[in-house]
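Structure file work27.txt (compact mmCIF, C-alpha atoms and all ligand atoms) follows.
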# COMPACT_ATOMS: atom_id res chain seq x y z
CA MET A 1 -54.48 31.86 -35.09
CA PRO A 2 -55.59 34.47 -32.55
CA LEU A 3 -53.09 35.63 -29.95
CA SER A 4 -52.94 33.45 -26.84
CA LEU A 5 -52.01 35.07 -23.57
CA PRO A 6 -49.61 33.27 -21.17
CA PRO A 7 -51.36 32.47 -17.85
CA GLU A 8 -49.15 34.83 -15.83
CA LYS A 9 -50.08 37.74 -18.12
CA ALA A 10 -53.76 36.85 -17.95
CA GLU A 11 -53.51 36.95 -14.15
CA LEU A 12 -51.65 40.24 -14.17
CA GLY A 13 -54.23 41.73 -16.55
CA GLN A 14 -57.09 40.60 -14.30
CA ALA A 15 -55.37 41.95 -11.20
CA PHE A 16 -54.88 45.28 -13.00
CA ALA A 17 -58.59 45.45 -13.86
CA ALA A 18 -59.66 44.67 -10.29
CA VAL A 19 -59.44 48.38 -9.35
CA LEU A 20 -61.91 49.31 -12.11
CA LYS A 21 -65.54 49.69 -11.03
CA PRO A 22 -68.61 50.74 -13.04
CA GLY A 23 -69.58 54.37 -12.36
CA GLN A 24 -66.01 55.45 -11.63
CA ARG A 25 -64.61 58.61 -13.17
CA VAL A 26 -61.23 57.69 -14.68
CA CYS A 27 -58.67 60.04 -16.23
CA LEU A 28 -56.24 58.63 -18.80
CA THR A 29 -53.03 60.51 -19.44
CA THR A 30 -49.72 60.11 -21.28
CA HIS A 31 -46.40 61.89 -21.78
CA VAL A 32 -45.91 65.47 -22.97
CA ASN A 33 -46.17 65.84 -26.74
CA PRO A 34 -48.33 62.72 -27.02
CA ASP A 35 -47.55 60.33 -29.87
CA GLY A 36 -49.55 57.72 -31.78
CA ASP A 37 -48.90 55.08 -29.13
CA GLY A 38 -49.95 57.26 -26.19
CA LEU A 39 -53.06 58.57 -27.94
CA GLY A 40 -54.02 55.29 -29.65
CA SER A 41 -53.69 53.44 -26.33
CA GLU A 42 -55.81 56.07 -24.58
CA VAL A 43 -58.57 56.01 -27.19
CA GLY A 44 -58.58 52.20 -27.30
CA LEU A 45 -58.80 52.02 -23.51
CA VAL A 46 -61.54 54.69 -23.34
CA HIS A 47 -63.73 52.56 -25.62
CA LEU A 48 -62.97 49.43 -23.60
CA LEU A 49 -63.69 51.11 -20.24
CA ARG A 50 -66.86 52.87 -21.41
CA ALA A 51 -68.19 49.49 -22.55
CA GLN A 52 -67.71 48.38 -18.91
CA GLY A 53 -69.74 51.32 -17.58
CA ILE A 54 -66.69 53.36 -16.55
CA ASP A 55 -66.72 57.09 -17.24
CA ALA A 56 -63.28 57.51 -18.83
CA VAL A 57 -61.87 60.76 -20.21
CA ILE A 58 -58.49 61.80 -21.60
CA THR A 59 -56.45 64.47 -19.80
CA ASN A 60 -53.05 65.02 -21.38
CA PRO A 61 -50.33 67.53 -20.54
CA SER A 62 -50.22 68.77 -24.16
CA PRO A 63 -52.74 68.99 -26.99
CA THR A 64 -53.56 66.25 -29.49
CA PRO A 65 -51.64 66.72 -32.77
CA PRO A 66 -54.08 67.23 -35.69
CA ARG A 67 -53.10 64.01 -37.45
CA PHE A 68 -54.51 61.96 -34.56
CA SER A 69 -57.77 63.89 -34.16
CA PHE A 70 -59.58 61.35 -36.41
CA LEU A 71 -59.38 58.93 -33.48
CA PHE A 72 -61.67 61.22 -31.48
CA GLN A 73 -64.39 61.68 -34.13
CA ASP A 74 -66.72 59.18 -32.46
CA LEU A 75 -65.79 60.28 -28.93
CA PRO A 76 -67.19 63.81 -28.53
CA GLY A 77 -66.09 65.50 -25.30
CA VAL A 78 -63.66 62.75 -24.32
CA ASP A 79 -60.47 64.72 -24.97
CA ARG A 80 -60.54 66.90 -21.84
CA THR A 81 -56.92 68.01 -22.18
CA ALA A 82 -57.88 71.68 -22.09
CA GLU A 83 -59.39 71.13 -18.58
CA ALA A 84 -56.90 68.45 -17.50
CA VAL A 85 -56.15 69.81 -14.02
CA LYS A 86 -59.85 70.25 -13.17
CA GLU A 87 -60.69 66.76 -14.45
CA LEU A 88 -57.81 65.11 -12.59
CA ARG A 89 -58.99 66.73 -9.34
CA ARG A 90 -62.34 64.92 -9.56
CA ALA A 91 -61.03 61.55 -10.80
CA ASP A 92 -61.48 58.34 -8.77
CA LEU A 93 -58.55 56.74 -10.59
CA ILE A 94 -55.76 57.93 -12.89
CA ILE A 95 -54.27 55.67 -15.57
CA VAL A 96 -50.89 56.70 -16.98
CA LEU A 97 -50.09 55.22 -20.39
CA ASP A 98 -46.83 54.88 -22.33
CA ILE A 99 -44.61 56.21 -19.49
CA SER A 100 -43.76 55.05 -15.98
CA ASP A 101 -42.34 58.32 -14.76
CA ILE A 102 -44.24 61.26 -13.29
CA THR A 103 -41.60 63.72 -14.53
CA ARG A 104 -42.81 63.16 -18.12
CA LEU A 105 -46.28 64.52 -17.27
CA GLY A 106 -45.30 68.14 -17.87
CA MET A 107 -47.80 70.63 -16.42
CA LEU A 108 -49.75 67.80 -14.71
CA ILE A 109 -46.91 66.57 -12.47
CA GLU A 110 -48.03 68.39 -9.32
CA THR A 111 -51.73 67.58 -9.75
CA VAL A 112 -51.05 63.85 -10.18
CA ARG A 113 -48.55 63.83 -7.30
CA GLU A 114 -50.96 65.55 -4.90
CA ARG A 115 -54.03 63.41 -5.60
CA ARG A 116 -54.60 60.59 -3.13
CA VAL A 117 -56.19 58.24 -5.68
CA PRO A 118 -54.59 55.12 -7.18
CA VAL A 119 -52.39 55.84 -10.21
CA ALA A 120 -52.39 52.82 -12.52
CA CYS A 121 -49.84 52.44 -15.30
CA VAL A 122 -49.58 50.55 -18.59
CA ASP A 123 -46.20 50.93 -20.26
CA HIS A 124 -43.43 49.31 -22.31
CA HIS A 125 -40.40 51.46 -21.45
CA VAL A 126 -37.21 49.94 -20.08
CA SER A 127 -36.51 52.90 -17.82
CA ALA A 128 -38.73 52.62 -14.77
CA GLY A 129 -39.48 55.91 -13.09
CA ILE A 130 -41.52 57.04 -10.12
CA LEU A 131 -45.32 57.18 -9.99
CA PRO A 132 -47.78 57.24 -7.08
CA ALA A 133 -48.97 53.75 -6.06
CA GLY A 134 -51.44 51.77 -8.13
CA PRO A 135 -51.70 48.68 -10.31
CA ARG A 136 -49.09 48.14 -13.05
CA TYR A 137 -49.16 46.35 -16.38
CA VAL A 138 -45.63 46.92 -17.70
CA ASP A 139 -43.70 44.87 -20.27
CA PRO A 140 -40.58 46.32 -21.95
CA GLY A 141 -40.80 43.45 -24.45
CA ALA A 142 -43.94 44.92 -26.00
CA ALA A 143 -43.50 46.97 -29.16
CA ALA A 144 -46.10 49.50 -28.05
CA THR A 145 -48.34 50.28 -25.10
CA GLY A 146 -51.20 49.57 -27.54
CA GLU A 147 -50.10 45.93 -27.63
CA LEU A 148 -50.50 45.81 -23.83
CA ILE A 149 -53.97 47.38 -23.95
CA PHE A 150 -54.93 44.59 -26.36
CA GLU A 151 -53.60 42.04 -23.85
CA LEU A 152 -55.61 43.67 -21.04
CA ALA A 153 -58.75 43.34 -23.16
CA LYS A 154 -57.98 39.65 -23.82
CA ALA A 155 -57.16 38.95 -20.16
CA ASN A 156 -60.50 40.39 -19.05
CA GLY A 157 -62.73 39.19 -21.88
CA TRP A 158 -63.47 42.77 -23.00
CA PRO A 159 -64.71 42.81 -26.61
CA VAL A 160 -62.25 44.41 -29.05
CA THR A 161 -64.55 46.35 -31.36
CA GLN A 162 -63.46 47.95 -34.62
CA GLN A 163 -63.18 51.31 -32.82
CA VAL A 164 -60.81 49.81 -30.24
CA ALA A 165 -58.86 47.99 -32.96
CA ARG A 166 -58.36 51.11 -35.06
CA ALA A 167 -56.88 53.04 -32.14
CA LEU A 168 -54.60 50.18 -31.07
CA TYR A 169 -53.47 49.66 -34.66
CA VAL A 170 -52.40 53.33 -34.77
CA ALA A 171 -50.46 52.77 -31.52
CA ILE A 172 -48.56 49.77 -32.86
CA LEU A 173 -48.08 51.14 -36.38
CA THR A 174 -46.48 54.37 -35.14
CA ASP A 175 -44.25 52.89 -32.40
CA THR A 176 -42.84 50.24 -34.77
CA GLY A 177 -42.20 52.80 -37.53
CA GLY A 178 -44.67 50.95 -39.75
CA PHE A 179 -43.56 47.47 -38.54
CA ARG A 180 -39.91 48.17 -39.45
CA PHE A 181 -38.12 48.60 -36.11
CA SER A 182 -36.48 45.86 -34.04
CA ASN A 183 -39.38 45.95 -31.56
CA THR A 184 -41.59 44.28 -34.22
CA ARG A 185 -41.83 40.72 -32.88
CA PRO A 186 -43.93 37.81 -34.11
CA ARG A 187 -46.29 38.62 -31.25
CA THR A 188 -46.65 42.22 -32.45
CA LEU A 189 -47.75 41.06 -35.88
CA ARG A 190 -50.17 38.55 -34.31
CA VAL A 191 -51.80 41.36 -32.35
CA ALA A 192 -51.89 43.54 -35.49
CA ALA A 193 -53.45 40.65 -37.42
CA ASP A 194 -56.18 40.25 -34.76
CA LEU A 195 -56.84 43.99 -34.99
CA LEU A 196 -57.21 43.82 -38.78
CA GLU A 197 -59.60 40.86 -38.39
CA THR A 198 -62.12 43.29 -36.88
CA GLY A 199 -62.36 45.00 -40.28
CA VAL A 200 -59.97 47.88 -39.69
CA ASP A 201 -58.69 49.32 -43.00
CA PRO A 202 -54.86 49.64 -42.83
CA GLU A 203 -54.64 51.94 -45.85
CA GLN A 204 -57.22 54.29 -44.38
CA ILE A 205 -55.17 54.48 -41.18
CA TYR A 206 -51.95 55.00 -43.13
CA LEU A 207 -53.57 57.89 -45.02
CA GLU A 208 -54.88 59.52 -41.84
CA VAL A 209 -51.59 59.28 -39.94
CA TYR A 210 -48.99 59.78 -42.67
CA ALA A 211 -50.61 61.21 -45.79
CA ARG A 212 -52.60 64.22 -44.60
CA ALA A 213 -49.62 66.38 -43.74
CA PRO A 214 -49.72 70.14 -43.86
CA GLU A 215 -47.41 71.54 -46.53
CA GLY A 216 -45.20 72.81 -43.72
CA ARG A 217 -44.19 69.28 -42.69
CA PRO A 218 -42.01 68.46 -45.73
CA ARG A 219 -40.77 72.06 -45.76
CA LEU A 220 -39.68 71.77 -42.13
CA LEU A 221 -38.05 68.42 -42.93
CA ALA A 222 -36.11 70.04 -45.79
CA GLU A 223 -34.80 72.75 -43.47
CA ALA A 224 -33.84 70.31 -40.74
CA LEU A 225 -32.02 68.01 -43.17
CA GLN A 226 -29.93 70.93 -44.42
CA THR A 227 -28.23 70.93 -41.02
CA LEU A 228 -27.04 67.30 -41.25
CA VAL A 229 -23.58 66.64 -39.86
CA VAL A 230 -21.91 63.23 -40.12
CA GLU A 231 -18.86 62.05 -38.21
CA PRO A 232 -18.04 58.71 -39.82
CA GLU A 233 -15.11 58.13 -37.47
CA TYR A 234 -17.56 57.86 -34.57
CA GLY A 235 -20.57 56.49 -36.43
CA LEU A 236 -22.38 59.64 -35.33
CA ALA A 237 -24.82 61.82 -37.29
CA TRP A 238 -27.18 64.58 -36.21
CA VAL A 239 -29.63 67.18 -37.40
CA THR A 240 -30.80 70.37 -35.72
CA VAL A 241 -34.19 72.00 -36.01
CA PRO A 242 -33.49 75.65 -36.84
CA PRO A 243 -34.95 77.82 -34.03
CA GLY A 244 -38.32 79.26 -35.03
CA SER A 245 -38.76 76.95 -38.05
CA ILE A 246 -41.69 75.00 -36.56
CA GLU A 247 -43.65 78.21 -36.00
CA ARG A 248 -42.61 79.66 -39.37
CA HIS A 249 -44.03 76.64 -41.19
CA GLY A 250 -47.20 76.67 -39.10
CA VAL A 251 -46.68 73.11 -37.83
CA SER A 252 -46.02 71.44 -34.46
CA SER A 253 -43.27 69.29 -32.96
CA ASP A 254 -45.34 66.25 -33.94
CA ASP A 255 -44.42 67.06 -37.55
CA LEU A 256 -40.81 66.18 -36.70
CA ASP A 257 -41.81 62.56 -36.20
CA GLY A 258 -39.43 60.38 -38.23
CA VAL A 259 -36.88 63.12 -39.02
CA VAL A 260 -34.21 61.42 -36.87
CA GLU A 261 -34.54 58.35 -39.10
CA PHE A 262 -32.65 60.24 -41.82
CA PRO A 263 -29.35 60.60 -39.96
CA ARG A 264 -29.87 57.03 -38.71
CA SER A 265 -30.27 55.78 -42.30
CA ILE A 266 -26.67 56.64 -43.27
CA GLU A 267 -24.29 53.73 -43.77
CA GLY A 268 -22.00 53.30 -40.79
CA VAL A 269 -24.04 55.47 -38.41
CA ARG A 270 -24.51 53.85 -34.99
CA MET A 271 -26.08 56.78 -33.18
CA ALA A 272 -28.33 59.49 -34.65
CA LEU A 273 -29.53 62.61 -32.87
CA LEU A 274 -32.08 65.35 -33.39
CA PHE A 275 -31.66 68.61 -31.47
CA ARG A 276 -34.58 70.95 -30.93
CA GLU A 277 -35.12 73.99 -28.74
CA ILE A 278 -38.35 73.33 -26.82
CA ALA A 279 -38.30 76.59 -24.87
CA GLN A 280 -35.92 79.43 -24.28
CA GLY A 281 -32.88 77.77 -22.70
CA ARG A 282 -34.24 74.24 -22.87
CA VAL A 283 -33.25 71.71 -25.55
CA LYS A 284 -34.72 68.30 -26.35
CA VAL A 285 -32.54 65.60 -27.87
CA SER A 286 -34.00 62.56 -29.65
CA LEU A 287 -31.63 59.61 -29.89
CA ARG A 288 -31.74 56.56 -32.15
CA SER A 289 -29.24 53.76 -32.58
CA ILE A 290 -28.29 50.84 -34.74
CA GLY A 291 -26.85 47.56 -33.48
CA ASP A 292 -25.65 47.23 -29.90
CA VAL A 293 -25.54 50.92 -28.94
CA ASP A 294 -27.92 51.45 -25.97
CA VAL A 295 -29.28 55.00 -26.21
CA ALA A 296 -31.66 54.50 -23.26
CA ALA A 297 -28.62 54.05 -20.98
CA PHE A 298 -26.97 57.09 -22.56
CA ALA A 299 -30.12 59.22 -22.10
CA LYS A 300 -30.47 58.09 -18.49
CA THR A 301 -27.17 59.72 -17.54
CA TYR A 302 -28.85 63.05 -18.43
CA GLY A 303 -32.16 62.29 -16.71
CA GLY A 304 -33.83 61.06 -19.90
CA GLY A 305 -34.93 57.58 -20.91
CA GLY A 306 -36.78 55.50 -23.46
CA HIS A 307 -35.91 52.27 -25.23
CA THR A 308 -32.57 50.67 -26.14
CA LYS A 309 -32.73 51.96 -29.72
CA ALA A 310 -35.00 55.01 -29.31
CA ALA A 311 -34.63 57.39 -26.41
CA GLY A 312 -34.83 61.06 -25.50
CA LEU A 313 -33.59 63.64 -23.03
CA SER A 314 -34.04 67.33 -22.27
CA LEU A 315 -31.34 69.66 -20.94
CA THR A 316 -31.11 73.25 -19.84
CA GLY A 317 -28.83 75.44 -21.95
CA THR A 318 -28.62 77.03 -25.36
CA LEU A 319 -28.77 74.87 -28.45
CA ALA A 320 -25.01 75.27 -28.91
CA GLU A 321 -24.25 74.39 -25.28
CA VAL A 322 -26.43 71.29 -25.21
CA GLN A 323 -25.04 70.16 -28.55
CA ALA A 324 -21.48 70.53 -27.33
CA THR A 325 -22.18 68.59 -24.11
CA VAL A 326 -24.20 65.79 -25.68
CA LEU A 327 -21.98 65.33 -28.74
CA ARG A 328 -18.83 65.17 -26.62
CA ALA A 329 -20.47 62.52 -24.45
CA ALA A 330 -21.78 60.64 -27.49
CA ARG A 331 -18.31 60.45 -29.04
CA ALA A 332 -16.89 59.13 -25.79
CA TYR A 333 -19.77 56.66 -25.45
CA LEU A 334 -19.36 55.29 -28.95
CA GLY A 335 -15.59 55.20 -28.61
CA SER A 336 -15.59 53.47 -25.24
CA ASP A 337 -17.94 50.86 -26.65
CA GLY A 338 -15.45 50.14 -29.39
CA VAL A 339 -18.35 50.90 -31.70
CA GLY A 340 -17.98 53.20 -34.70
CA SER A 341 -14.60 54.53 -33.66
CA ARG A 342 -12.22 53.21 -36.26
CA GLU A 343 -9.52 55.64 -35.16
CA SER A 344 -8.93 57.40 -31.90
CA GLY A 345 -10.53 60.39 -33.62
CA VAL A 346 -9.08 62.95 -31.24
CA GLY A 347 -7.85 66.12 -32.85
CA SER A 348 -8.93 65.28 -36.39
CA GLN A 349 -12.66 65.88 -36.24
CA GLY A 350 -12.58 69.11 -38.19
CA GLU A 351 -11.33 67.48 -41.35
CA LYS A 352 -13.41 64.37 -41.11
CA ARG A 353 -16.77 65.98 -40.45
CA SER A 354 -18.84 66.09 -43.55
CA SER A 355 -21.67 68.58 -43.48
CA ILE A 356 -24.23 68.21 -46.24
P1 LIG B 401 -38.68 60.78 -29.08
O1 LIG B 401 -37.25 61.03 -29.30
O2 LIG B 401 -39.43 61.91 -28.49
O3 LIG B 401 -39.34 60.18 -30.30
O4 LIG B 401 -38.74 59.65 -27.96
C1 LIG B 401 -38.11 58.40 -28.09
C2 LIG B 401 -38.37 57.58 -26.84
O5 LIG B 401 -37.70 58.19 -25.76
C3 LIG B 401 -39.83 57.48 -26.44
O6 LIG B 401 -40.04 56.21 -25.92
C4 LIG B 401 -39.98 58.54 -25.38
O7 LIG B 401 -40.99 58.21 -24.47
C5 LIG B 401 -38.61 58.56 -24.74
N1 LIG B 401 -38.26 59.93 -24.32
C6 LIG B 401 -38.22 61.03 -25.10
N2 LIG B 401 -37.85 62.14 -24.39
C7 LIG B 401 -37.64 61.71 -23.12
C8 LIG B 401 -37.26 62.36 -21.91
N3 LIG B 401 -37.02 63.68 -21.84
N4 LIG B 401 -37.18 61.60 -20.79
C9 LIG B 401 -37.43 60.27 -20.83
N5 LIG B 401 -37.79 59.60 -21.94
C10 LIG B 401 -37.91 60.29 -23.07
MN MN B 402 -44.62 57.41 -26.58
MN MN B 403 -44.75 53.72 -26.81
Before we go any further, please render this structure as structure tokens.
Amino acid sequence: MPLSLPPEKAELGQAFAAVLKPGQRVCLTTHVNPDGDGLGSEVGLVHLLRAQGIDAVITNPSPTPPRFSFLFQDLPGVDRTAEAVKELRRADLIIVLDISDITRLGMLIETVRERRVPVACVDHHVSAGILPAGPRYVDPGAAATGELIFELAKANGWPVTQQVARALYVAILTDTGGFRFSNTRPRTLRVAADLLETGVDPEQIYLEVYARAPEGRPRLLAEALQTLVVEPEYGLAWVTVPPGSIERHGVSSDDLDGVVEFPRSIEGVRMALLFREIAQGRVKVSLRSIGDVDVAAFAKTYGGGGHTKAAGLSLTGTLAEVQATVLRAARAYLGSDGVGSRESGVGSQGEKRSSI
């Protein structure tokens, strides 16, 4: 049973596509450190737009991680990230995918802000941000932006070829953690089923995305997991990426994908964190939760955002400073929720912390 689109979504999808005209030069972009959803959605949409006579290219604020480069094999010259600013300056339209907030565009923020062209957006985040005006196709109920690109194709009668399907399958597979997370709805699996109907090979995609790792990826994981700290009294657990370890193992931040699932996997943990220095004096925190703990709301208080159970934030300070600030707030947050705090916890943390 192929996916059926509710009439209001079909209308929204058609209204979104009304700005698209054959011959246009369109730049697609996504958040810094692009992930499988951002890149898969971009590649899927590039194929869809090119089939409509639109000259679409990809201009991201940071480079494509090697494990997603297979998506670009049949799109030579489309990944224009290295010349992103130049490309954005000549675009007729910009489409931002997998974020709704200009502040997540890294080195492209100013260029996108200054352009006087429509900035369209397709996204599934709960935290709305600020973007220059343009059409929107946003649904926080979608598991991945890739699911929404599929809906746009359906709404407009654009053929979903095997190339499109492969890219959108990568988007949905990665953002649902392999169809395991709570965002995996019946609808998500219906979209995935339609994608597989085109002949896409799920094992081939699994191998490309998850089983072609550089040796450094498991070695980095081993180092990060050594830092695990658990505070059972709060339902809190965290790991820290040792400074310099990414470079030492010859990998990139993309190779940390999934590491935060390890602290989250511990019995009784309600909030899991991953700390990583992204630059001198700047620290990124990835947050994941179990049950009713809303990490998007927590991240928002520090200028971050994301989804209820998967969010992120960046703060200025040393690793130790940011850890102290965020962990103190996390303990208070979990305690005030009545979640994970079996005792008042105050004054006894030293004994109860177990560091593996
Ligand atoms: P990550 O922890 O990088 O895997 O991201 C988890 C979720 O939080 C994703 O949906 C991200 O888009 C979002 N996110 C991560 N970092 C930030 C940030 N600094 N500001 C807003 N959202 C973020
Ligand atoms: Mn993303
Ligand atoms: Mn996403």
- Write out as a list in words the residues lying within 12 Å of A:Ser245, counting only C-alpha atoms and excluding same-chain residues fewer than 6 positions away. Gly216, Arg217, Pro218, Arg219, Leu220, Leu221, Ala222, Glu223, Ala224, Val251, Ser252, Ser253, Asp255, Leu256, Arg276, Glu277 and Ile278 of chain A
- Item | Exercise: A:Ser127 partners within 12 Å, all atoms listed in the file, chain neighbours under 3 positions left out, as a list of chain:residue names |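 Within the cut-off, the hits are A:Asp98, A:Ile99, A:Ser100, A:Asp101, A:Asp123, A:His124, A:Ile130, A:Val138, A:Asp139, A:Pro140, A:Asp294, A:Val295, A:Ala296, A:Ala297, A:Phe298, A:Ala299, A:Lys300, A:Thr301, A:Gly303, A:Gly304, A:Gly305, A:Gly306, A:His307, A:Thr308, A:Ala310, A:Ala311, A:Gly312.
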- Message: If the limit is 10 Å from any atom of ligand MN 403 (chain B), counting all atoms listed in the file, which residues qualify? Return them as number ranges by chain.
- Response: A: 30-31, 34-41, 97-99, 123-125, 140, 142-147, 171-172, 174-176, 306-307
- Task: One decimal, Å: what's the distance from atom CA of A:Asp292 over to atom CA of A:Arg136, could you say?
- Result: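 Distance between the two atoms: 28.9 Å.
Minimum distance to A:Ala120 across A:Val85, A:Ala329, A:Val164, A:Ala18 (counting all atoms listed in the file) occurs at A:Ala18.
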- Query: Any idea what the distance is between atom CA of A:Leu93 and atom CA of A:Gln163?
  - Reply: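 These atoms are spaced 23.3 Å apart.
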- Please indicate the distance in Å from atom CA of A:Pro159 to atom CA of A:Val46, rounded to one decimal place.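 Answer for the atom CA of A:Pro159 to atom CA of A:Val46 separation: 12.7 Å.
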- Of the candidates A:Ala272, A:Ile205, A:Ala51, A:Val78, which shows the shortest atom-to-atom distance to ligand LIG 401 (chain B), using all atoms listed in the file?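 So, comparing all the options, the nearest one is A:Ala272.
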Once 3 Å is added on each side, what centre and edge lengths in Å to one decimal does the axis-aligned box around all listed atoms of stretch 54-62 of chain A have, as lines of an AutoDock Vina configuration file?
center_x = -58.5
center_y = 61.1
center_z = -20.4
size_x = 22.5
size_y = 21.4
size_z = 13.6
- Close residues, A:Val57 itself excluded, 7 Å, all atoms listed in the file, min 4 positions apart in chain, as a count of residues only: 7
- Message: Counting all atoms listed in the file, which residue out of A:Lys21, A:Lys9, A:Arg282, A:His47 sits closest to A:Leu71?
- Response: A:His47
Grab stretch 251-265 of chain A from that structure and dump N, CA, C and O atoms to a file, as a JSON list (two decimals), in the first residue's frame.
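Result saved to decode-v3.json:
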[["chain", "number", "residue", "atom", "x", "y", "z"],
["A", 251, "VAL", "N", 40.49, 10.66, 11.78],
["A", 251, "VAL", "CA", 39.08, 10.58, 11.42],
["A", 251, "VAL", "C", 38.44, 11.96, 11.55],
["A", 251, "VAL", "O", 39.15, 12.96, 11.73],
["A", 252, "SER", "N", 37.11, 12.02, 11.44],
["A", 252, "SER", "CA", 36.44, 13.32, 11.55],
["A", 252, "SER", "C", 35.33, 13.21, 12.60],
["A", 252, "SER", "O", 35.02, 12.11, 13.08],
["A", 253, "SER", "N", 34.70, 14.34, 12.90],
["A", 253, "SER", "CA", 33.64, 14.33, 13.93],
["A", 253, "SER", "C", 32.49, 13.42, 13.52],
["A", 253, "SER", "O", 31.76, 12.91, 14.36],
["A", 254, "ASP", "N", 32.32, 13.21, 12.21],
["A", 254, "ASP", "CA", 31.27, 12.30, 11.74],
["A", 254, "ASP", "C", 31.48, 10.89, 12.30],
["A", 254, "ASP", "O", 30.52, 10.14, 12.50],
["A", 255, "ASP", "N", 32.72, 10.54, 12.59],
["A", 255, "ASP", "CA", 33.00, 9.20, 13.12],
["A", 255, "ASP", "C", 32.57, 9.05, 14.58],
["A", 255, "ASP", "O", 32.68, 7.96, 15.15],
["A", 256, "LEU", "N", 32.06, 10.13, 15.17],
["A", 256, "LEU", "CA", 31.51, 10.04, 16.53],
["A", 256, "LEU", "C", 30.02, 9.72, 16.52],
["A", 256, "LEU", "O", 29.39, 9.59, 17.57],
["A", 257, "ASP", "N", 29.46, 9.61, 15.31],
["A", 257, "ASP", "CA", 28.04, 9.33, 15.19],
["A", 257, "ASP", "C", 27.69, 8.05, 15.96],
["A", 257, "ASP", "O", 28.33, 7.02, 15.77],
["A", 258, "GLY", "N", 26.74, 8.13, 16.85],
["A", 258, "GLY", "CA", 26.30, 6.94, 17.60],
["A", 258, "GLY", "C", 27.01, 6.73, 18.93],
["A", 258, "GLY", "O", 26.57, 5.93, 19.74],
["A", 259, "VAL", "N", 28.10, 7.46, 19.19],
["A", 259, "VAL", "CA", 28.85, 7.24, 20.44],
["A", 259, "VAL", "C", 27.97, 7.54, 21.66],
["A", 259, "VAL", "O", 28.00, 6.82, 22.66],
["A", 260, "VAL", "N", 27.14, 8.58, 21.55],
["A", 260, "VAL", "CA", 26.31, 8.99, 22.69],
["A", 260, "VAL", "C", 25.23, 7.93, 23.02],
["A", 260, "VAL", "O", 24.63, 7.94, 24.09],
["A", 261, "GLU", "N", 25.02, 7.00, 22.09],
["A", 261, "GLU", "CA", 24.08, 5.90, 22.38],
["A", 261, "GLU", "C", 24.61, 4.99, 23.48],
["A", 261, "GLU", "O", 23.83, 4.30, 24.15],
["A", 262, "PHE", "N", 25.91, 4.95, 23.67],
["A", 262, "PHE", "CA", 26.46, 4.06, 24.70],
["A", 262, "PHE", "C", 26.10, 4.53, 26.11],
["A", 262, "PHE", "O", 25.56, 3.74, 26.88],
["A", 263, "PRO", "N", 26.37, 5.79, 26.47],
["A", 263, "PRO", "CA", 25.88, 6.21, 27.79],
["A", 263, "PRO", "C", 24.35, 6.12, 27.90],
["A", 263, "PRO", "O", 23.81, 5.80, 28.95],
["A", 264, "ARG", "N", 23.65, 6.35, 26.79],
["A", 264, "ARG", "CA", 22.18, 6.27, 26.84],
["A", 264, "ARG", "C", 21.70, 4.83, 27.07],
["A", 264, "ARG", "O", 20.60, 4.60, 27.56],
["A", 265, "SER", "N", 22.54, 3.85, 26.70],
["A", 265, "SER", "CA", 22.10, 2.45, 26.75],
["A", 265, "SER", "C", 22.14, 1.86, 28.16],
["A", 265, "SER", "O", 21.74, 0.73, 28.38]]
